[in-house]
Amino acid sequence: MPLVLALLCLLCLLPGAAWAQEPVELRVWHAYRGEERLAFEAALARFDNERPDLIVAPLALPYDSFFNKLEAAAPRGNGPDLFVAAHERVGAWARSGLVQPVGALPDGLHPRTVDAVAFEGQRWGVPLAYKCLALFSNRALVPEPPRSTTALFALTPPPGGFPLAYQSTEPYFHAPWMHAFGGGVFQAGVVALDRPGNAEALDFARSLLLRGLIPDEPTGALVTQLFNEGLAATVINGPWFIGEIDPSVDFVVSPLPFVDEAGAAAAPFLTVEAAFVSAYAAHPDAAADLAAFLAGTDVAIQRAIDGRQSVATLAAYDDPRVGADPVIAAFRAQLDATVPMPNEPAMAATWEPMARNLRRVVRGSIDGAAGARLAAQEHAVVSRPPPEAANPWPLILLAVVVGLGGLAWFIKEGLRRKKELVAHRFAYLTVLPAALAMGLLVMVPFVVGAAVSLFTHHEGQFTFVGLANFIDILFARDWPVSSPLSFWFTLGVTILWTLANVLAHVGIGVALAMLLREPWLRLKGVYRVLLILPWAVPNYITALIWKGMFHRQFGAINGMLTWLGLEPVSWFSQFSTAFSANLITNTWLGFPFMMVVTLGALQAIPRDLEQAAEVDGATGWQRFRHVTLPLLKPALLPAVVLGSVWTFNMFNIIFLVSGGEPDASTEILISEAYKWAFTRGARYGYASAYAVLIFGVLLLYSRTTNWLMGRQVL
């Protein structure tokens with residue numbers, strides 16, 4: 001036996017004993033889909049085969065939730081060792097400690113892609129691929145891709161068409177003109193939206209619309225439709241647009257034209273997809289090896305061929321199979337005239353001010369100089385330094401006192417009602433699961449959200465500031481009270497929005513219900529089904545349909561107005577028409593609910609009462625007012641209260657139909673809270689304070705209505 005043990009020990013010490021070591025798992029996250037995913041995961045499998053000590057475990061996440069999942073999971077040890085993502089958040093990730101710097105980068109990467117992953121003197125990722133805008137031309141309309149704006153705007157489109165189509169009211173698509181005129185977002189590391197070049201570019205965008213060279217109110221869907229139907233000779237878009245082009249369209253991709261009006265080439269933003277090593281990686285060295293492997297020439301060639309990616313490795317374009325792809329060649333040529341998307345954390349707060357004032361200029365409300373100046377002013381407000389840290393102990397002591405007081409009251413009530421609790425113990429046990437579920441799903445999130453309102457979020461860190469967020473909101477520190485961006489203005493719009501919708505819902509719903517109960521009406525069942533359909537269709541689908549119907553140039557509503565000999569309406573250019581568009585859409589969604597409630601209540605009202613009133617000489621209106629309506633109130637009032645709460649927080653319609661236009665004047669409180677959280681520098685505490693105030697307003701409303709109903713005032 002001693003001899004056997006000695007032999008076993010000797011075997012363990014031999015180099016051949018490596019078989020006893022289990023391979024480690026290397027977790028890789030990405031958001032690729034389709035051909036890109038297959039090519040990327042094939043490269044991971046190739047690395048896996050070359051490294052028997054590793055098991056590469058890829059995970060494809062939806063793009064929309066990728067960053068939230070990453071930033072939540074990585075610090076808790078549940079994230080990846082390596083992840084592939086766009087470079088725009090490098091600055092925020094570096095400052096929050098989510099990623100770690102990389103060593104020497106592989107040779108042969110394009111300098112602009114390397115610049116994109118650099119932040120504060122260090123490089124934080126390995127560039128793999130890139131995306132940018134380019135010019136798509138319909139060969140049937142454009143024999144030769146235009147090399148200048150003079151040639152581009154001289155194209156003759158078909159009747160009702162345009163030489164160029166792009167999302168002219170979106171800053172990302174406007175950026176090529178901005179850079180051509182010498183503008184930009186940052187200057188010497190500081191946000192500078194009021195530069196002269198920015199103002200000139202804004203005026204240039206307005207001139208394109210005035211000259212009829214581009215469509216009005218363009219969306220991504222509209223641009224695609226115009227190109228596929230041959231109504232747009234050229235389109236400015238990115239590589240993702242290829243999957244949206246109809247197979248019957250013969251197109252060619254080329255670099256953006258030289259802007260003769262500016263004397264420089266149009267330069268779009270450059271987005272680099274890079275491999276980042278997580279600062280919480282369990283195997284950082286292996287992750288770094290994988291990142292370098294993915295950027296290697298052989299793997300880059302394979303990704304370019306199989307995934308049709310525009311890779312960052314320049315040597316890959318020497319391969320004839322890659323160079324022969326006309327789309328990849330076009331984006332490679334465009335790469336030399338791009339501007340890397342700024343990766344500063346402050347960049348996130350610039351999109352909304354730029355977009356709002358770009359729309360103002362394009363629709364002619366202001367000129368370019370005023371648009372650039374207002375964009376700078378609005379950015380200065382949303383990016384101002386957070387409130388100073390506060391002492392948390394007073395609020396902690398207050399919370400403890402309130403908690404102890406509540407506990408004492410609960411114990412006192414329990415002792416006072418001991419016999420009742422014992423007698424009904426089985427009933428309380430029956431509702432206990434529901435109570436626990438409500439506590440976990442409703443009360444806990446509410447308490448956490450309310451607690452967040454006492455903090456400010458900056459560069460990944462939360463700082464306790466007490467009631468500073470509430471003070472800023474209620475005392476209009478950020479904006480004048482009369483500004484559409486102030487809490488009080490938005491509250492007024494929200495109340496007007498709720499009242500108008502509830503009146504329309506109740507009025508139309510009750511009128512249709514009264515009509516459907518009439519015995520002389522035939523096919524009532526068919527009418528009921530048809531009238532309930534708007535309620536059955538998901539509201540975001542309905543909202544997008546109505547938004548298309550309100551389009552100024554191609555909408556069905558303006559088409560009807562034109563057919564009647566009236567002028568088309570620019571629905572989202574002023575408050576009254578934009579508010580009306582939202583109201584019409586939500587009325588279409590809301591009246592079926594009130595109609596169904598009223599129909600149900602009418603079944604319980606004897607027709608004898610109305611007939612007796614008719615015999616007494618009462619008119620139809622008098623019978624409705626003095627007989628039917630009082631009997632409808634018990635069922636209708638709770639529906640009105642519920643409908644008011646729903647409408648007060650009807651985020652989808654505002655967000656999808658008007659988008660808050662014009663100038664955020666049609667925003668309601670819930671959509672403003674969303675923007676403070678996700679488009680204005682991640683001010684989560686400020687947004688949570690909005691949410692708490694919304695809860696307070698609705699609580700006051702519900703208590704008031706209960707009091708009035710108890711006094712039978714309503």
# chains A, B, ... in the order shown; residues from 1 in each chain; ligands from 1
>>> residues_around(residues="Thr647 (chain A)", least_positions_apart="3", cutoff="8 Å", atoms="only C-alpha atoms", output="list in words")
Trp497, Thr498, Asn501, Val502, Gly643, Ser644 and Met650 of chain A
>>> write_last_selection(atoms="C-alpha atoms", output="short mmCIF file (atom, residue, chain, number, x, y, z; two decimals), in the first residue's frame")
data_model
loop_
_atom_site.label_atom_id
_atom_site.label_comp_id
_atom_site.auth_asym_id
_atom_site.auth_seq_id
_atom_site.Cartn_x
_atom_site.Cartn_y
_atom_site.Cartn_z
CA TRP A 497 -54.88 65.99 -20.51
CA THR A 498 -56.68 63.89 -17.88
CA ASN A 501 -59.68 62.51 -22.01
CA VAL A 502 -62.07 61.48 -19.26
CA GLY A 643 -59.86 55.90 -16.03
CA SER A 644 -58.48 59.13 -14.57
CA MET A 650 -50.66 57.24 -20.06
#
>>> closest_atom_pairs(of="region 274-343 of chain A", to="region 20-40 of chain A", cutoff="10 Å", atoms="only C-alpha atoms", output="Markdown table")
| residue | atom | partner | partner_atom | distance |
| --- | --- | --- | --- | --- |
| A:Ala275 | CA | A:His30 | CA | 9.3 |
| A:Phe276 | CA | A:Val28 | CA | 9.9 |
| A:Val277 | CA | A:Val28 | CA | 9.6 |
| A:Ala281 | CA | A:Arg27 | CA | 8.7 |
| A:Ala282 | CA | A:Leu26 | CA | 8.2 |
| A:His283 | CA | A:Leu26 | CA | 7.0 |
| A:Pro284 | CA | A:Leu26 | CA | 9.2 |
| A:Ala286 | CA | A:Leu26 | CA | 7.5 |
| A:Ala287 | CA | A:Leu26 | CA | 7.1 |
| A:Leu290 | CA | A:Leu26 | CA | 9.4 |
| A:Leu294 | CA | A:Phe40 | CA | 8.6 |
| A:Val299 | CA | A:Phe40 | CA | 9.1 |
| A:Ala300 | CA | A:Phe40 | CA | 9.7 |
| A:Gln302 | CA | A:Ala39 | CA | 7.2 |
| A:Arg303 | CA | A:Ala39 | CA | 5.4 |
| A:Ala304 | CA | A:Ala39 | CA | 8.5 |
| A:Ile305 | CA | A:Ala39 | CA | 8.5 |
| A:Asp306 | CA | A:Ala39 | CA | 5.5 |
| A:Gly307 | CA | A:Glu36 | CA | 4.2 |
| A:Arg308 | CA | A:Glu36 | CA | 7.1 |
| A:Gln309 | CA | A:Glu36 | CA | 7.0 |
>>> residues_around(residues="Tyr280 (chain A)", least_positions_apart="4", cutoff="10 Å", atoms="only C-alpha atoms", output="list in words")
Ala73, Ala74, Pro75, Arg76, Gly77, Asn78, Gly79, Pro80, Asp81, Leu82, Gly97, Leu98, Val99, Gln100 and Pro284 of chain A
>>> write_last_selection(atoms="C-alpha atoms", output="JSON list (two decimals), in the first residue's frame")
[["chain", "number", "residue", "atom", "x", "y", "z"],
["A", 73, "ALA", "CA", -24.74, 42.03, -13.09],
["A", 74, "ALA", "CA", -21.00, 42.71, -13.42],
["A", 75, "PRO", "CA", -20.40, 44.37, -9.99],
["A", 76, "ARG", "CA", -22.21, 41.46, -8.32],
["A", 77, "GLY", "CA", -20.03, 38.81, -9.91],
["A", 78, "ASN", "CA", -22.73, 37.62, -12.31],
["A", 79, "GLY", "CA", -21.47, 39.36, -15.41],
["A", 80, "PRO", "CA", -19.09, 38.36, -18.20],
["A", 81, "ASP", "CA", -15.32, 38.18, -18.31],
["A", 82, "LEU", "CA", -15.39, 39.78, -21.75],
["A", 97, "GLY", "CA", -14.76, 50.89, -12.49],
["A", 98, "LEU", "CA", -16.69, 48.53, -14.75],
["A", 99, "VAL", "CA", -13.87, 47.90, -17.25],
["A", 100, "GLN", "CA", -10.12, 47.64, -16.97],
["A", 284, "PRO", "CA", -8.93, 38.65, -16.99]]
>>> residues_around(residues="Val327 (chain A)", least_positions_apart="4", cutoff="8 Å", atoms="only C-alpha atoms", output="PyMOL selection string")
chain A and resi 252-254+331
>>> write_last_selection(atoms="N, CA and C atoms", output="PDB file, in the first residue's frame")
ATOM      1  N   VAL A 252     -26.608  50.912 -54.487  1.00  0.00           N
ATOM      2  CA  VAL A 252     -25.170  50.959 -54.312  1.00  0.00           C
ATOM      3  C   VAL A 252     -24.869  51.842 -53.107  1.00  0.00           C
ATOM      4  N   VAL A 253     -23.813  51.503 -52.369  1.00  0.00           N
ATOM      5  CA  VAL A 253     -23.398  52.279 -51.199  1.00  0.00           C
ATOM      6  C   VAL A 253     -22.117  53.026 -51.539  1.00  0.00           C
ATOM      7  N   SER A 254     -22.049  54.281 -51.123  1.00  0.00           N
ATOM      8  CA  SER A 254     -20.866  55.103 -51.381  1.00  0.00           C
ATOM      9  C   SER A 254     -20.644  56.034 -50.201  1.00  0.00           C
ATOM     10  N   PHE A 331     -18.022  51.329 -46.923  1.00  0.00           N
ATOM     11  CA  PHE A 331     -17.904  51.758 -45.532  1.00  0.00           C
ATOM     12  C   PHE A 331     -16.433  51.900 -45.126  1.00  0.00           C
TER      13      PHE A 331
END
>>> atom_distance(atom1="CA of Arg623 (chain A)", atom2="CA of Gly600 (chain A)")
18.9 Å
>>> residues_around(residues="Val447 (chain A)", least_positions_apart="4", cutoff="12 Å", atoms="only C-alpha atoms", output="PyMOL selection string")
chain A and resi 399+439-443+451-454+688+691-692+695
>>> select_by_dssp(residues="region 556-656 of chain A", states="helix (DSSP H, G or I)", output="PyMOL selection string")
chain A and resi 556-563+575-602+607-615+620-648+651-656
>>> write_last_selection(atoms="C-alpha atoms", output="CSV table (one decimal), in the first residue's frame")
chain,number,residue,atom,x,y,z
A,556,ALA,CA,-54.2,59.9,-44.0
A,557,ILE,CA,-55.7,62.8,-42.1
A,558,ASN,CA,-54.0,65.5,-44.0
A,559,GLY,CA,-54.7,63.5,-47.2
A,560,MET,CA,-58.4,63.8,-46.3
A,561,LEU,CA,-58.1,67.5,-45.6
A,562,THR,CA,-56.4,68.0,-48.9
A,563,TRP,CA,-59.2,66.1,-50.7
A,575,PHE,CA,-49.3,72.9,-28.8
A,576,SER,CA,-52.9,72.9,-29.7
A,577,THR,CA,-52.6,70.5,-32.7
A,578,ALA,CA,-50.1,68.2,-31.0
A,579,PHE,CA,-52.3,68.0,-27.9
A,580,SER,CA,-55.3,67.3,-30.1
A,581,ALA,CA,-53.4,64.5,-31.9
A,582,ASN,CA,-52.6,62.9,-28.5
A,583,LEU,CA,-56.2,63.4,-27.3
A,584,ILE,CA,-57.8,61.9,-30.5
A,585,THR,CA,-55.5,58.9,-30.2
A,586,ASN,CA,-56.2,58.2,-26.6
A,587,THR,CA,-59.9,58.8,-27.0
A,588,TRP,CA,-60.0,56.1,-29.6
A,589,LEU,CA,-58.3,53.8,-27.1
A,590,GLY,CA,-60.4,54.8,-24.1
A,591,PHE,CA,-64.1,55.1,-25.0
A,592,PRO,CA,-64.7,51.3,-25.4
A,593,PHE,CA,-64.0,50.8,-21.7
A,594,MET,CA,-66.5,53.4,-20.7
A,595,MET,CA,-69.0,52.0,-23.2
A,596,VAL,CA,-68.7,48.4,-21.8
A,597,VAL,CA,-69.1,49.7,-18.2
A,598,THR,CA,-72.2,51.7,-19.2
A,599,LEU,CA,-73.7,48.8,-21.1
A,600,GLY,CA,-73.4,46.6,-18.1
A,601,ALA,CA,-74.9,49.2,-15.8
A,602,LEU,CA,-77.8,49.8,-18.2
A,607,ARG,CA,-87.1,50.4,-18.8
A,608,ASP,CA,-90.3,50.9,-16.9
A,609,LEU,CA,-88.9,53.9,-15.0
A,610,GLU,CA,-88.1,55.6,-18.3
A,611,GLN,CA,-91.4,54.7,-19.8
A,612,ALA,CA,-93.2,56.1,-16.7
A,613,ALA,CA,-91.2,59.3,-17.1
A,614,GLU,CA,-92.1,59.5,-20.7
A,615,VAL,CA,-95.8,59.1,-19.9
A,620,GLY,CA,-85.5,62.4,-23.8
A,621,TRP,CA,-82.8,64.6,-22.2
A,622,GLN,CA,-84.9,64.9,-19.0
A,623,ARG,CA,-85.3,61.1,-18.8
A,624,PHE,CA,-81.6,60.7,-19.2
A,625,ARG,CA,-80.7,63.4,-16.7
A,626,HIS,CA,-83.1,62.6,-14.0
A,627,VAL,CA,-83.7,58.9,-14.3
A,628,THR,CA,-80.9,57.1,-16.2
A,629,LEU,CA,-77.8,59.1,-15.2
A,630,PRO,CA,-78.5,58.9,-11.4
A,631,LEU,CA,-78.8,55.1,-11.7
A,632,LEU,CA,-75.6,54.9,-13.7
A,633,LYS,CA,-73.5,56.8,-11.2
A,634,PRO,CA,-72.7,53.9,-8.8
A,635,ALA,CA,-71.1,52.0,-11.7
A,636,LEU,CA,-69.8,54.9,-13.6
A,637,LEU,CA,-68.0,56.8,-10.9
A,638,PRO,CA,-65.5,54.1,-10.0
A,639,ALA,CA,-64.8,53.6,-13.7
A,640,VAL,CA,-64.2,57.4,-14.0
A,641,VAL,CA,-61.7,57.3,-11.1
A,642,LEU,CA,-59.9,54.3,-12.6
A,643,GLY,CA,-59.9,55.9,-16.0
A,644,SER,CA,-58.5,59.1,-14.6
A,645,VAL,CA,-55.6,57.3,-13.0
A,646,TRP,CA,-54.9,55.4,-16.2
A,647,THR,CA,-55.0,58.6,-18.3
A,648,PHE,CA,-52.9,60.5,-15.8
A,651,PHE,CA,-47.0,57.2,-21.0
A,652,ASN,CA,-47.2,55.3,-24.3
A,653,ILE,CA,-49.4,57.8,-26.2
A,654,ILE,CA,-47.4,60.9,-25.3
A,655,PHE,CA,-44.1,59.1,-26.0
A,656,LEU,CA,-45.1,57.5,-29.3
>>> select_by_dssp(residues="region 199-401 of chain A", states="strand (DSSP E or B)", output="PDB file with C-alpha atoms, in the first residue's frame")
ATOM      1  CA  ALA A 232     -36.102  58.672 -52.634  1.00  0.00           C
ATOM      2  CA  ALA A 233     -33.151  58.713 -55.011  1.00  0.00           C
ATOM      3  CA  THR A 234     -30.646  58.524 -52.156  1.00  0.00           C
ATOM      4  CA  VAL A 235     -30.726  57.800 -48.437  1.00  0.00           C
ATOM      5  CA  ILE A 236     -28.291  58.497 -45.618  1.00  0.00           C
ATOM      6  CA  ASN A 237     -28.206  55.469 -43.351  1.00  0.00           C
ATOM      7  CA  PHE A 251     -28.748  49.920 -54.800  1.00  0.00           C
ATOM      8  CA  VAL A 252     -25.170  50.959 -54.312  1.00  0.00           C
ATOM      9  CA  VAL A 253     -23.398  52.279 -51.199  1.00  0.00           C
ATOM     10  CA  SER A 254     -20.866  55.103 -51.381  1.00  0.00           C
ATOM     11  CA  PHE A 258     -18.480  66.616 -50.241  1.00  0.00           C
ATOM     12  CA  VAL A 259     -20.531  69.507 -48.840  1.00  0.00           C
ATOM     13  CA  ALA A 264     -15.581  70.046 -46.469  1.00  0.00           C
ATOM     14  CA  ALA A 265     -16.688  66.431 -46.660  1.00  0.00           C
ATOM     15  CA  PHE A 269     -20.171  59.792 -36.212  1.00  0.00           C
ATOM     16  CA  LEU A 270     -18.104  56.618 -35.910  1.00  0.00           C
ATOM     17  CA  THR A 271     -19.314  53.875 -33.578  1.00  0.00           C
ATOM     18  CA  VAL A 272     -16.724  51.232 -32.719  1.00  0.00           C
ATOM     19  CA  GLU A 273     -17.676  47.781 -31.475  1.00  0.00           C
ATOM     20  CA  ALA A 274     -14.893  46.737 -29.142  1.00  0.00           C
ATOM     21  CA  ALA A 275     -14.075  43.854 -26.849  1.00  0.00           C
ATOM     22  CA  PHE A 276     -13.888  45.000 -23.210  1.00  0.00           C
ATOM     23  CA  VAL A 277     -12.432  43.093 -20.274  1.00  0.00           C
ATOM     24  CA  SER A 278     -14.642  43.435 -17.235  1.00  0.00           C
ATOM     25  CA  VAL A 311     -13.850  45.214 -39.302  1.00  0.00           C
ATOM     26  CA  THR A 313      -8.307  45.417 -38.731  1.00  0.00           C
ATOM     27  CA  VAL A 339     -15.572  61.503 -36.245  1.00  0.00           C
ATOM     28  CA  PRO A 340     -15.430  59.011 -33.357  1.00  0.00           C
TER      29      PRO A 340
END
>>> closest_residue(among="A:Ile670, A:Ala682, A:Val381, A:Cys132", to="His458 (chain A)", atoms="only C-alpha atoms")
A:Ala682
>>> atom_distance(atom1="CA of Pro239 (chain A)", atom2="CA of Ala134 (chain A)")
8.1 Å
>>> closest_residue(among="A:Glu672, A:Asp336, A:Asp203, A:Glu261", to="Arg363 (chain A)", atoms="only C-alpha atoms")
A:Asp203
>>> atom_distance(atom1="CA of Ser148 (chain A)", atom2="CA of Leu256 (chain A)")
8.2 Å
>>> residues_around(residues="Ser383 (chain A)", least_positions_apart="2", cutoff="8 Å", atoms="only C-alpha atoms", output="PDB file with C-alpha atoms, in the first residue's frame")
ATOM      1  CA  ALA A 346     -21.398  64.200 -20.547  1.00  0.00           C
ATOM      2  CA  ALA A 349     -27.018  64.595 -21.761  1.00  0.00           C
ATOM      3  CA  HIS A 379     -27.621  71.292 -21.694  1.00  0.00           C
ATOM      4  CA  ALA A 380     -26.131  73.509 -19.003  1.00  0.00           C
ATOM      5  CA  VAL A 381     -29.266  73.013 -16.909  1.00  0.00           C
ATOM      6  CA  PRO A 385     -23.493  69.692 -10.764  1.00  0.00           C
ATOM      7  CA  ARG A 680     -30.780  63.694 -19.209  1.00  0.00           C
ATOM      8  CA  GLY A 681     -27.666  62.257 -17.698  1.00  0.00           C
TER       9      GLY A 681
END
